[in-house]
>>> print(open('input23.cif').read())   # mmCIF, C-alpha atoms; chains and numbers go by the auth columns
data_data
loop_
_atom_site.group_PDB
_atom_site.id
_atom_site.type_symbol
_atom_site.label_atom_id
_atom_site.label_comp_id
_atom_site.label_asym_id
_atom_site.label_seq_id
_atom_site.Cartn_x
_atom_site.Cartn_y
_atom_site.Cartn_z
_atom_site.B_iso_or_equiv
_atom_site.auth_seq_id
_atom_site.auth_asym_id
ATOM 1 C CA MET A 1 1.610 -14.829 17.474 0.00 1 A
ATOM 2 C CA ARG A 2 3.589 -12.959 14.816 0.00 2 A
ATOM 3 C CA ALA A 3 3.794 -9.176 15.119 0.00 3 A
ATOM 4 C CA LEU A 4 2.414 -6.839 12.476 0.00 4 A
ATOM 5 C CA HIS A 5 3.789 -3.673 10.923 0.00 5 A
ATOM 6 C CA ILE A 6 1.316 -1.394 9.144 0.00 6 A
ATOM 7 C CA ILE A 7 2.562 1.385 6.887 0.00 7 A
ATOM 8 C CA THR A 8 0.986 4.220 4.920 0.00 8 A
ATOM 9 C CA PRO A 9 3.093 6.200 2.454 0.00 9 A
ATOM 10 C CA VAL A 10 1.863 9.815 2.227 0.00 10 A
ATOM 11 C CA LYS A 11 2.356 12.640 -0.240 0.00 11 A
ATOM 12 C CA ASP A 12 0.285 15.720 0.662 0.00 12 A
ATOM 13 C CA SER A 13 -3.100 13.941 0.712 0.00 13 A
ATOM 14 C CA ILE A 14 -3.862 14.987 4.282 0.00 14 A
ATOM 15 C CA PRO A 15 -7.693 14.673 4.439 0.00 15 A
ATOM 16 C CA SER A 16 -7.681 11.186 2.917 0.00 16 A
ATOM 17 C CA THR A 17 -4.696 10.198 5.062 0.00 17 A
ATOM 18 C CA ILE A 18 -6.560 11.165 8.225 0.00 18 A
ATOM 19 C CA GLN A 19 -9.491 8.987 7.115 0.00 19 A
ATOM 20 C CA THR A 20 -7.109 6.103 6.420 0.00 20 A
ATOM 21 C CA VAL A 21 -5.406 6.399 9.802 0.00 21 A
ATOM 22 C CA ASN A 22 -8.615 6.742 11.782 0.00 22 A
ATOM 23 C CA ALA A 23 -10.061 3.634 10.123 0.00 23 A
ATOM 24 C CA ILE A 24 -6.992 1.611 11.075 0.00 24 A
ATOM 25 C CA ARG A 25 -6.894 2.975 14.619 0.00 25 A
ATOM 26 C CA ASN A 26 -10.559 2.021 15.022 0.00 26 A
ATOM 27 C CA SER A 27 -9.966 -1.499 13.733 0.00 27 A
ATOM 28 C CA LYS A 28 -10.153 -4.634 15.849 0.00 28 A
ATOM 29 C CA ILE A 29 -6.705 -5.971 15.058 0.00 29 A
ATOM 30 C CA GLY A 30 -6.264 -8.423 17.902 0.00 30 A
ATOM 31 C CA ARG A 31 -2.472 -8.584 17.958 0.00 31 A
ATOM 32 C CA GLU A 32 0.559 -6.450 18.656 0.00 32 A
ATOM 33 C CA TYR A 33 1.225 -3.982 15.854 0.00 33 A
ATOM 34 C CA THR A 34 3.035 -0.787 14.983 0.00 34 A
ATOM 35 C CA TYR A 35 1.710 1.787 12.564 0.00 35 A
ATOM 36 C CA THR A 36 4.050 4.085 10.646 0.00 36 A
ATOM 37 C CA ILE A 37 3.317 6.919 8.238 0.00 37 A
ATOM 38 C CA TYR A 38 6.085 7.616 5.727 0.00 38 A
ATOM 39 C CA ASN A 39 5.834 11.260 4.700 0.00 39 A
ATOM 40 C CA ASP A 40 7.308 11.510 1.208 0.00 40 A
ATOM 41 C CA PHE A 41 8.221 15.185 0.881 0.00 41 A
ATOM 42 C CA SER A 42 4.812 16.661 1.534 0.00 42 A
ATOM 43 C CA SER A 43 4.696 20.446 1.620 0.00 43 A
ATOM 44 C CA ASP A 44 5.895 22.174 4.792 0.00 44 A
ATOM 45 C CA GLU A 45 2.310 23.058 5.665 0.00 45 A
ATOM 46 C CA ASN A 46 1.072 19.501 5.216 0.00 46 A
ATOM 47 C CA THR A 47 4.063 18.081 7.080 0.00 47 A
ATOM 48 C CA ALA A 48 3.245 20.350 10.012 0.00 48 A
ATOM 49 C CA THR A 49 -0.365 19.128 9.917 0.00 49 A
ATOM 50 C CA LEU A 50 0.801 15.515 9.918 0.00 50 A
ATOM 51 C CA GLU A 51 3.081 16.158 12.871 0.00 51 A
ATOM 52 C CA ARG A 52 0.231 17.717 14.850 0.00 52 A
ATOM 53 C CA GLU A 53 -2.095 14.819 14.050 0.00 53 A
ATOM 54 C CA VAL A 54 0.505 12.200 14.973 0.00 54 A
ATOM 55 C CA ALA A 55 1.122 13.952 18.289 0.00 55 A
ATOM 56 C CA ARG A 56 -2.629 13.957 18.940 0.00 56 A
ATOM 57 C CA TRP A 57 -3.059 10.282 18.022 0.00 57 A
ATOM 58 C CA GLY A 58 -0.145 9.182 20.194 0.00 58 A
ATOM 59 C CA ASP A 59 0.036 5.633 18.781 0.00 59 A
ATOM 60 C CA VAL A 60 1.226 6.338 15.232 0.00 60 A
ATOM 61 C CA GLU A 61 4.835 6.789 14.162 0.00 61 A
ATOM 62 C CA LEU A 62 5.843 9.411 11.599 0.00 62 A
ATOM 63 C CA VAL A 63 8.943 9.170 9.425 0.00 63 A
ATOM 64 C CA ASN A 64 9.715 12.291 7.380 0.00 64 A
ATOM 65 C CA LEU A 65 11.716 10.959 4.465 0.00 65 A
ATOM 66 C CA LYS A 66 13.386 14.329 3.943 0.00 66 A
ATOM 67 C CA ASP A 67 15.290 13.563 7.157 0.00 67 A
ATOM 68 C CA ILE A 68 16.904 10.453 5.670 0.00 68 A
ATOM 69 C CA THR A 69 17.163 11.027 1.905 0.00 69 A
ATOM 70 C CA THR A 70 17.558 13.774 -0.678 0.00 70 A
ATOM 71 C CA HIS A 71 16.022 11.612 -3.403 0.00 71 A
ATOM 72 C CA PRO A 72 12.903 13.341 -4.766 0.00 72 A
ATOM 73 C CA SER A 73 9.441 11.859 -4.347 0.00 73 A
ATOM 74 C CA PRO A 74 8.227 9.203 -5.024 0.00 74 A
ATOM 75 C CA ASN A 75 10.332 7.168 -2.615 0.00 75 A
ATOM 76 C CA TYR A 76 8.196 4.034 -2.511 0.00 76 A
ATOM 77 C CA LEU A 77 11.261 1.854 -3.007 0.00 77 A
ATOM 78 C CA LEU A 78 12.987 3.287 0.052 0.00 78 A
ATOM 79 C CA VAL A 79 9.818 2.849 2.121 0.00 79 A
ATOM 80 C CA LEU A 80 9.540 -0.787 1.067 0.00 80 A
ATOM 81 C CA GLN A 81 13.191 -1.474 1.814 0.00 81 A
ATOM 82 C CA ILE A 82 13.099 0.151 5.261 0.00 82 A
ATOM 83 C CA SER A 83 9.836 -1.591 6.128 0.00 83 A
ATOM 84 C CA GLN A 84 11.065 -4.980 4.934 0.00 84 A
ATOM 85 C CA GLN A 85 14.204 -4.854 7.024 0.00 85 A
ATOM 86 C CA ARG A 86 12.282 -3.821 10.122 0.00 86 A
ATOM 87 C CA ALA A 87 9.680 -6.545 9.620 0.00 87 A
ATOM 88 C CA ILE A 88 12.340 -9.209 9.187 0.00 88 A
ATOM 89 C CA ARG A 89 14.254 -7.942 12.208 0.00 89 A
ATOM 90 C CA GLU A 90 11.123 -8.026 14.370 0.00 90 A
ATOM 91 C CA ASP A 91 9.602 -11.192 12.815 0.00 91 A
ATOM 92 C CA ALA A 92 6.539 -9.307 11.591 0.00 92 A
ATOM 93 C CA ASP A 93 4.202 -9.349 8.611 0.00 93 A
ATOM 94 C CA LEU A 94 3.926 -6.097 6.645 0.00 94 A
ATOM 95 C CA LEU A 95 0.589 -4.513 5.770 0.00 95 A
ATOM 96 C CA ILE A 96 0.545 -1.653 3.264 0.00 96 A
ATOM 97 C CA VAL A 97 -2.518 0.592 3.358 0.00 97 A
ATOM 98 C CA GLU A 98 -2.338 3.506 0.970 0.00 98 A
ATOM 99 C CA SER A 99 -3.585 6.968 1.864 0.00 99 A
ATOM 100 C CA ASP A 100 -6.643 6.781 -0.404 0.00 100 A
ATOM 101 C CA VAL A 101 -8.021 3.616 1.243 0.00 101 A
ATOM 102 C CA GLU A 102 -10.406 3.127 4.159 0.00 102 A
ATOM 103 C CA VAL A 103 -10.476 -0.295 5.818 0.00 103 A
ATOM 104 C CA ALA A 104 -13.402 -1.901 7.628 0.00 104 A
ATOM 105 C CA THR A 105 -13.097 -2.734 11.308 0.00 105 A
ATOM 106 C CA ASP A 106 -12.214 -6.375 10.653 0.00 106 A
ATOM 107 C CA THR A 107 -10.172 -6.014 7.443 0.00 107 A
ATOM 108 C CA VAL A 108 -6.764 -6.112 9.080 0.00 108 A
ATOM 109 C CA SER A 109 -7.495 -9.006 11.427 0.00 109 A
ATOM 110 C CA ARG A 110 -9.033 -11.132 8.662 0.00 110 A
ATOM 111 C CA LEU A 111 -6.155 -10.554 6.241 0.00 111 A
ATOM 112 C CA VAL A 112 -3.588 -11.399 8.908 0.00 112 A
ATOM 113 C CA GLU A 113 -5.381 -14.478 10.222 0.00 113 A
ATOM 114 C CA GLU A 114 -6.191 -16.018 6.858 0.00 114 A
ATOM 115 C CA ALA A 115 -2.778 -15.241 5.370 0.00 115 A
ATOM 116 C CA ASN A 116 -1.067 -16.995 8.233 0.00 116 A
ATOM 117 C CA GLU A 117 -3.386 -19.986 7.920 0.00 117 A
ATOM 118 C CA ARG A 118 -2.118 -20.452 4.361 0.00 118 A
ATOM 119 C CA GLU A 119 1.511 -21.510 4.390 0.00 119 A
ATOM 120 C CA ASP A 120 1.764 -20.822 0.661 0.00 120 A
ATOM 121 C CA CYS A 121 0.576 -17.218 0.975 0.00 121 A
ATOM 122 C CA GLY A 122 2.919 -14.521 -0.287 0.00 122 A
ATOM 123 C CA ILE A 123 0.454 -11.633 -0.556 0.00 123 A
ATOM 124 C CA ALA A 124 -3.063 -11.242 0.847 0.00 124 A
ATOM 125 C CA ALA A 125 -4.927 -8.320 -0.719 0.00 125 A
ATOM 126 C CA ALA A 126 -8.334 -6.776 -0.040 0.00 126 A
ATOM 127 C CA VAL A 127 -10.480 -6.028 -3.081 0.00 127 A
ATOM 128 C CA THR A 128 -11.246 -2.329 -3.575 0.00 128 A
ATOM 129 C CA VAL A 129 -14.700 -0.794 -3.967 0.00 129 A
ATOM 130 C CA ASP A 130 -16.214 2.665 -4.258 0.00 130 A
ATOM 131 C CA GLU A 131 -18.521 4.232 -1.678 0.00 131 A
ATOM 132 C CA LYS A 132 -21.448 2.308 -3.197 0.00 132 A
ATOM 133 C CA GLY A 133 -19.678 -1.038 -2.823 0.00 133 A
ATOM 134 C CA VAL A 134 -18.918 -1.467 -6.526 0.00 134 A
ATOM 135 C CA VAL A 135 -15.554 -3.054 -7.301 0.00 135 A
ATOM 136 C CA ASN A 136 -13.267 -0.389 -8.745 0.00 136 A
ATOM 137 C CA TYR A 137 -9.717 0.323 -9.869 0.00 137 A
ATOM 138 C CA PRO A 138 -7.397 -1.566 -9.773 0.00 138 A
ATOM 139 C CA TYR A 139 -9.486 -4.723 -9.363 0.00 139 A
ATOM 140 C CA GLU A 140 -12.083 -4.338 -12.108 0.00 140 A
ATOM 141 C CA TYR A 141 -11.102 -7.809 -13.293 0.00 141 A
ATOM 142 C CA ALA A 142 -12.544 -9.238 -10.063 0.00 142 A
ATOM 143 C CA ALA A 143 -15.944 -7.582 -10.394 0.00 143 A
ATOM 144 C CA GLU A 144 -17.645 -10.895 -11.210 0.00 144 A
ATOM 145 C CA TYR A 145 -15.810 -12.974 -8.600 0.00 145 A
ATOM 146 C CA GLU A 146 -17.914 -14.549 -5.874 0.00 146 A
ATOM 147 C CA LYS A 147 -17.305 -13.333 -2.349 0.00 147 A
ATOM 148 C CA GLY A 148 -14.495 -15.330 -0.836 0.00 148 A
ATOM 149 C CA VAL A 149 -10.755 -15.838 -1.175 0.00 149 A
ATOM 150 C CA HIS A 150 -9.230 -16.313 -4.616 0.00 150 A
ATOM 151 C CA ALA A 151 -5.714 -17.298 -5.637 0.00 151 A
ATOM 152 C CA VAL A 152 -4.949 -14.847 -8.438 0.00 152 A
ATOM 153 C CA LYS A 153 -2.358 -14.816 -11.192 0.00 153 A
ATOM 154 C CA ARG A 154 -2.825 -11.142 -11.935 0.00 154 A
ATOM 155 C CA HIS A 155 -0.938 -8.748 -9.681 0.00 155 A
ATOM 156 C CA CYS A 156 -2.148 -7.645 -6.271 0.00 156 A
ATOM 157 C CA SER A 157 -2.216 -3.896 -5.876 0.00 157 A
ATOM 158 C CA PHE A 158 -0.713 -2.462 -2.717 0.00 158 A
ATOM 159 C CA CYS A 159 -3.839 -0.404 -1.981 0.00 159 A
ATOM 160 C CA CYS A 160 -4.386 -2.737 0.985 0.00 160 A
ATOM 161 C CA SER A 161 -2.073 -5.740 0.899 0.00 161 A
ATOM 162 C CA LEU A 162 -0.361 -7.912 3.471 0.00 162 A
ATOM 163 C CA LEU A 163 3.131 -9.109 2.559 0.00 163 A
ATOM 164 C CA THR A 164 3.801 -12.174 4.677 0.00 164 A
ATOM 165 C CA ASN A 165 6.993 -12.569 6.641 0.00 165 A
ATOM 166 C CA ARG A 166 7.713 -15.647 4.535 0.00 166 A
ATOM 167 C CA LEU A 167 7.752 -13.560 1.356 0.00 167 A
ATOM 168 C CA LEU A 168 9.773 -10.790 2.985 0.00 168 A
ATOM 169 C CA ARG A 169 12.483 -13.292 3.905 0.00 169 A
ATOM 170 C CA ALA A 170 12.458 -14.904 0.464 0.00 170 A
ATOM 171 C CA PHE A 171 12.854 -11.804 -1.720 0.00 171 A
ATOM 172 C CA ASP A 172 15.216 -8.935 -0.938 0.00 172 A
ATOM 173 C CA PHE A 173 13.652 -5.641 -2.013 0.00 173 A
ATOM 174 C CA ARG A 174 17.146 -4.264 -2.617 0.00 174 A
ATOM 175 C CA GLU A 175 16.951 -6.246 -5.862 0.00 175 A
ATOM 176 C CA LEU A 176 14.079 -4.082 -7.142 0.00 176 A
ATOM 177 C CA ASN A 177 14.742 -1.800 -10.093 0.00 177 A
ATOM 178 C CA PRO A 178 15.488 1.705 -8.765 0.00 178 A
ATOM 179 C CA GLU A 179 14.414 3.211 -12.093 0.00 179 A
ATOM 180 C CA LYS A 180 10.793 2.318 -11.349 0.00 180 A
ATOM 181 C CA HIS A 181 8.349 4.140 -9.068 0.00 181 A
ATOM 182 C CA TRP A 182 5.837 1.430 -8.119 0.00 182 A
ATOM 183 C CA PHE A 183 6.509 -2.206 -7.342 0.00 183 A
ATOM 184 C CA ASP A 184 3.267 -4.096 -6.771 0.00 184 A
ATOM 185 C CA VAL A 185 3.462 -5.783 -10.185 0.00 185 A
ATOM 186 C CA THR A 186 7.090 -6.846 -9.753 0.00 186 A
ATOM 187 C CA ILE A 187 6.656 -8.114 -6.201 0.00 187 A
ATOM 188 C CA SER A 188 3.449 -9.971 -7.095 0.00 188 A
ATOM 189 C CA GLN A 189 5.214 -11.697 -9.976 0.00 189 A
ATOM 190 C CA ARG A 190 8.259 -12.558 -7.891 0.00 190 A
ATOM 191 C CA SER A 191 6.037 -13.943 -5.141 0.00 191 A
ATOM 192 C CA ARG A 192 4.512 -16.438 -7.554 0.00 192 A
ATOM 193 C CA ALA A 193 7.887 -17.228 -9.125 0.00 193 A
ATOM 194 C CA LEU A 194 9.159 -18.165 -5.674 0.00 194 A
ATOM 195 C CA GLY A 195 6.332 -20.682 -5.272 0.00 195 A
ATOM 196 C CA PHE A 196 3.890 -18.607 -3.222 0.00 196 A
ATOM 197 C CA ASN A 197 0.256 -17.935 -4.038 0.00 197 A
ATOM 198 C CA ASN A 198 -1.224 -14.452 -3.935 0.00 198 A
ATOM 199 C CA TYR A 199 -4.770 -14.234 -2.598 0.00 199 A
ATOM 200 C CA LEU A 200 -7.431 -11.632 -3.304 0.00 200 A
ATOM 201 C CA PHE A 201 -10.080 -11.307 -0.594 0.00 201 A
ATOM 202 C CA THR A 202 -13.332 -10.296 -2.255 0.00 202 A
ATOM 203 C CA SER A 203 -15.046 -10.938 1.077 0.00 203 A
ATOM 204 C CA GLN A 204 -13.049 -8.102 2.683 0.00 204 A
ATOM 205 C CA PRO A 205 -13.635 -5.006 0.548 0.00 205 A
ATOM 206 C CA VAL A 206 -11.991 -1.687 1.349 0.00 206 A
ATOM 207 C CA VAL A 207 -13.150 1.690 0.108 0.00 207 A
ATOM 208 C CA HIS A 208 -10.726 3.091 -2.451 0.00 208 A
ATOM 209 C CA ARG A 209 -10.788 6.648 -3.763 0.00 209 A
ATOM 210 C CA PRO A 210 -8.471 6.138 -6.747 0.00 210 A
ATOM 211 C CA HIS A 211 -5.539 8.503 -6.979 0.00 211 A
ATOM 212 C CA ALA A 212 -6.630 10.669 -4.068 0.00 212 A
ATOM 213 C CA SER A 213 -3.030 10.352 -2.958 0.00 213 A
ATOM 214 C CA ARG A 214 -1.745 11.452 -6.395 0.00 214 A
ATOM 215 C CA PRO A 215 -4.287 13.987 -7.738 0.00 215 A
ATOM 216 C CA TRP A 216 -2.448 14.559 -11.032 0.00 216 A
ATOM 217 C CA LYS A 217 -3.431 11.005 -12.044 0.00 217 A
ATOM 218 C CA GLN A 218 -7.090 12.073 -12.187 0.00 218 A
ATOM 219 C CA LEU A 219 -6.117 13.472 -15.581 0.00 219 A
ATOM 220 C CA LYS A 220 -6.163 9.886 -16.820 0.00 220 A
ATOM 221 C CA TYR A 221 -9.974 10.150 -16.789 0.00 221 A
ATOM 222 C CA THR A 222 -10.564 13.850 -17.411 0.00 222 A
ATOM 223 C CA ASN A 223 -7.785 14.626 -19.890 0.00 223 A
ATOM 224 C CA PRO A 224 -5.997 11.435 -20.958 0.00 224 A
ATOM 225 C CA LEU A 225 -3.815 13.167 -23.554 0.00 225 A
ATOM 226 C CA LYS A 226 -2.437 15.512 -20.910 0.00 226 A
ATOM 227 C CA TYR A 227 -2.020 12.597 -18.493 0.00 227 A
ATOM 228 C CA TYR A 228 0.120 10.576 -20.892 0.00 228 A
ATOM 229 C CA TRP A 229 2.065 13.680 -21.925 0.00 229 A
ATOM 230 C CA ILE A 230 2.982 14.372 -18.281 0.00 230 A
ATOM 231 C CA LYS A 231 3.750 10.714 -17.669 0.00 231 A
ATOM 232 C CA LEU A 232 6.091 10.516 -20.658 0.00 232 A
ATOM 233 C CA THR A 233 7.798 13.899 -20.447 0.00 233 A
ATOM 234 C CA LYS A 234 8.269 13.939 -16.666 0.00 234 A
ATOM 235 C CA GLY A 235 8.976 10.242 -16.289 0.00 235 A
ATOM 236 C CA PHE A 236 6.174 9.768 -13.743 0.00 236 A
ATOM 237 C CA ASP A 237 4.501 6.523 -12.742 0.00 237 A
ATOM 238 C CA LYS A 238 7.067 3.951 -13.822 0.00 238 A
ATOM 239 C CA ILE A 239 5.695 0.482 -13.036 0.00 239 A
#
>>> encode(input="input23.cif", output="C-alpha cells")
Amino acid sequence: MRALHIITPVKDSIPSTIQTVNAIRNSKIGREYTYTIYNDFSSDENTATLEREVARWGDVELVNLKDITTHPSPNYLLVLQISQQRAIREDADLLIVESDVEVATDTVSRLVEEANEREDCGIAAAVTVDEKGVVNYPYEYAAEYEKGVHAVKRHCSFCCSLLTNRLLRAFDFRELNPEKHWFDVTISQRSRALGFNNYLFTSQPVVHRPHASRPWKQLKYTNPLKYYWIKLTKGFDKI
C-alpha cells in the first residue's frame, strides 16, 4: 500500500488552519501518512501559535519556510518542489489541502483509493462547497454535474487535490515558472499533456471558505477595482 503525504501551506490564517488540521486528524485515512504544515512567513505571533498547536497535536510536522529561504511569501513553488521530492523518495502520493478547506471524515481515503484504482489518474480533486452544500469557487462550472467521478478538461484547483505518485514522477516541478505564484492550472494542463486524466469527485465535497487563507482577495467581491489595482501594482496572484 503506497504511503501518503498530506500538506497544508499556511500564511497567517490560524483559525481556519486549525479547522483544516483537526478535520484531517479526525479523518479515517486507513493507511500510513505524514502531515506537514508549511508556514509561509506568518507573523511572529501566528508562528508561535502554530508551534504551540503542533506541539499539542503531536502528529503534525511544521516547516517554517523562513528557516530555509529568504524569498518572500508566497512560496508555493518551493513547497511543491520540496513535497514532490519527498513523495518520490518515499514512494508516496501527495495530497494538498489548503488552509481554508475542511474535509469530511472519508474524503482522504476515498480520493486515495479511487485515484489508485485508476492507472490513468494524474490528479484527483474534491469539489468545493459552502456551508450549505452549494458548489462554490473555484468549481462553479461543476454545479450541474451529477454526483460521481468526472474526468475534467478544466483545471483542478489545489484546494483539496491528490497528485498521484505517477504524475509526480512524470513531471519535475523544477520546470515550473518561478515568476508565477500559483500552479494548479499549469500542473493540471501538464498532467493531461502527459496522457493522464484529471478527475473531479463531486461525490466527495469539501467545505471551502474562499480566500480565508488570503484575506486581501476578498476585495475581488467587495471592491473589485481595488483588488485588480493591488494585483497589478504589487504583482500578486500570478497564475
>>> resolve_selection(input="input23.cif", expression="the PyMOL selection byres ((chain A and resi 32-39) around 7)", output="number ranges by chain")
A: 3-11, 31, 40-42, 60-65
>>> closest_atom_pairs(input="input23.cif", of="stretch 86-178 of chain A", to="stretch 188-192 of chain A", cutoff="10 Å", atoms="only C-alpha atoms", output="CSV")
residue,atom,partner,partner_atom,distance
A:Asp120,CA,A:Arg192,CA,9.7
A:Cys121,CA,A:Ser191,CA,8.8
A:Gly122,CA,A:Ser191,CA,5.8
A:Ile123,CA,A:Ser188,CA,7.4
A:Val152,CA,A:Arg192,CA,9.6
A:Lys153,CA,A:Arg192,CA,7.9
A:Arg154,CA,A:Ser188,CA,8.0
A:His155,CA,A:Ser188,CA,5.2
A:Cys156,CA,A:Ser188,CA,6.1
A:Ser157,CA,A:Ser188,CA,8.4
A:Phe158,CA,A:Ser188,CA,9.6
A:Leu163,CA,A:Ser191,CA,9.5
A:Arg166,CA,A:Ser191,CA,10.0
A:Leu167,CA,A:Ser191,CA,6.7
A:Leu168,CA,A:Ser191,CA,9.5
A:Ala170,CA,A:Ser191,CA,8.6
A:Phe171,CA,A:Arg190,CA,7.7
>>> atom_distance(input="input23.cif", atom1="atom CA of A:Glu146", atom2="atom CA of A:Glu113")
20.4 Å
>>> atom_distance(input="input23.cif", atom1="atom CA of A:Phe196", atom2="atom CA of A:Ala126")
17.3 Å
>>> atom_distance(input="input23.cif", atom1="atom CA of A:Trp57", atom2="atom CA of A:Asn165")
27.4 Å
>>> closest_residue(input="input23.cif", among="A:Leu77, A:His71, A:Ala55, A:Ala48", to="A:Asn177", atoms="only C-alpha atoms")
A:Leu77
>>> closest_residue(input="input23.cif", among="A:Arg169, A:Lys28, A:Arg118, A:Lys132", to="A:Ala151", atoms="only C-alpha atoms")
A:Arg118
>>> residues_around(input="input23.cif", residues="A:Asn136", least_positions_apart="6", cutoff="12 Å", atoms="all atoms listed in the file", output="JSON, numbers by chain")
{"A": [101, 126, 127, 128, 129, 130, 142, 143, 144, 157, 159, 202, 205, 206, 207, 208, 209, 210, 211]}
>>> residues_around(input="input23.cif", residues="A:Ser27", least_positions_apart="3", cutoff="10 Å", atoms="all atoms listed in the file", output="PDB file with C-alpha atoms, keeping the file's coordinate frame")
ATOM      1  CA  VAL A  21      -5.406   6.399   9.802  1.00  0.00           C
ATOM      2  CA  ASN A  22      -8.615   6.742  11.782  1.00  0.00           C
ATOM      3  CA  ALA A  23     -10.061   3.634  10.123  1.00  0.00           C
ATOM      4  CA  ILE A  24      -6.992   1.611  11.075  1.00  0.00           C
ATOM      5  CA  GLY A  30      -6.264  -8.423  17.902  1.00  0.00           C
ATOM      6  CA  VAL A 103     -10.476  -0.295   5.818  1.00  0.00           C
ATOM      7  CA  ALA A 104     -13.402  -1.901   7.628  1.00  0.00           C
ATOM      8  CA  THR A 105     -13.097  -2.734  11.308  1.00  0.00           C
ATOM      9  CA  ASP A 106     -12.214  -6.375  10.653  1.00  0.00           C
ATOM     10  CA  THR A 107     -10.172  -6.014   7.443  1.00  0.00           C
ATOM     11  CA  VAL A 108      -6.764  -6.112   9.080  1.00  0.00           C
ATOM     12  CA  SER A 109      -7.495  -9.006  11.427  1.00  0.00           C
TER      13      SER A 109
END
>>> resolve_selection(input="input23.cif", expression="the PyMOL selection byres ((chain A and resi 175) around 12)", output="PyMOL selection string")
chain A and resi 77-78+80-81+170-174+176-180+183+186-187+190
>>> write_last_selection(input="input23.cif", atoms="C-alpha atoms", output="CSV table (one decimal), in the frame of the given file")
chain,number,residue,atom,x,y,z
A,77,LEU,CA,11.3,1.9,-3.0
A,78,LEU,CA,13.0,3.3,0.1
A,80,LEU,CA,9.5,-0.8,1.1
A,81,GLN,CA,13.2,-1.5,1.8
A,170,ALA,CA,12.5,-14.9,0.5
A,171,PHE,CA,12.9,-11.8,-1.7
A,172,ASP,CA,15.2,-8.9,-0.9
A,173,PHE,CA,13.7,-5.6,-2.0
A,174,ARG,CA,17.1,-4.3,-2.6
A,176,LEU,CA,14.1,-4.1,-7.1
A,177,ASN,CA,14.7,-1.8,-10.1
A,178,PRO,CA,15.5,1.7,-8.8
A,179,GLU,CA,14.4,3.2,-12.1
A,180,LYS,CA,10.8,2.3,-11.3
A,183,PHE,CA,6.5,-2.2,-7.3
A,186,THR,CA,7.1,-6.8,-9.8
A,187,ILE,CA,6.7,-8.1,-6.2
A,190,ARG,CA,8.3,-12.6,-7.9
>>> closest_residue(input="input23.cif", among="A:Thr17, A:Ala87, A:Val149, A:Thr164", to="A:Glu102", atoms="all atoms listed in the file")
A:Thr17
>>> decode(input="input23.cif", residues="stretch 80-91 of chain A", atoms="C-alpha atoms", output="short mmCIF file (atom, residue, chain, number, x, y, z; two decimals), in the first residue's frame")
data_model
loop_
_atom_site.label_atom_id
_atom_site.label_comp_id
_atom_site.auth_asym_id
_atom_site.auth_seq_id
_atom_site.Cartn_x
_atom_site.Cartn_y
_atom_site.Cartn_z
CA LEU A 80 5.56 21.93 -4.16
CA GLN A 81 9.17 21.17 -5.03
CA ILE A 82 10.10 20.03 -1.51
CA SER A 83 6.93 17.95 -1.23
CA GLN A 84 7.41 16.35 -4.64
CA GLN A 85 10.95 15.24 -3.89
CA ARG A 86 9.95 13.78 -0.54
CA ALA A 87 6.98 11.94 -2.04
CA ILE A 88 9.11 10.46 -4.81
CA ARG A 89 11.82 9.48 -2.34
CA GLU A 90 9.30 7.74 -0.08
CA ASP A 91 7.07 6.36 -2.89
#
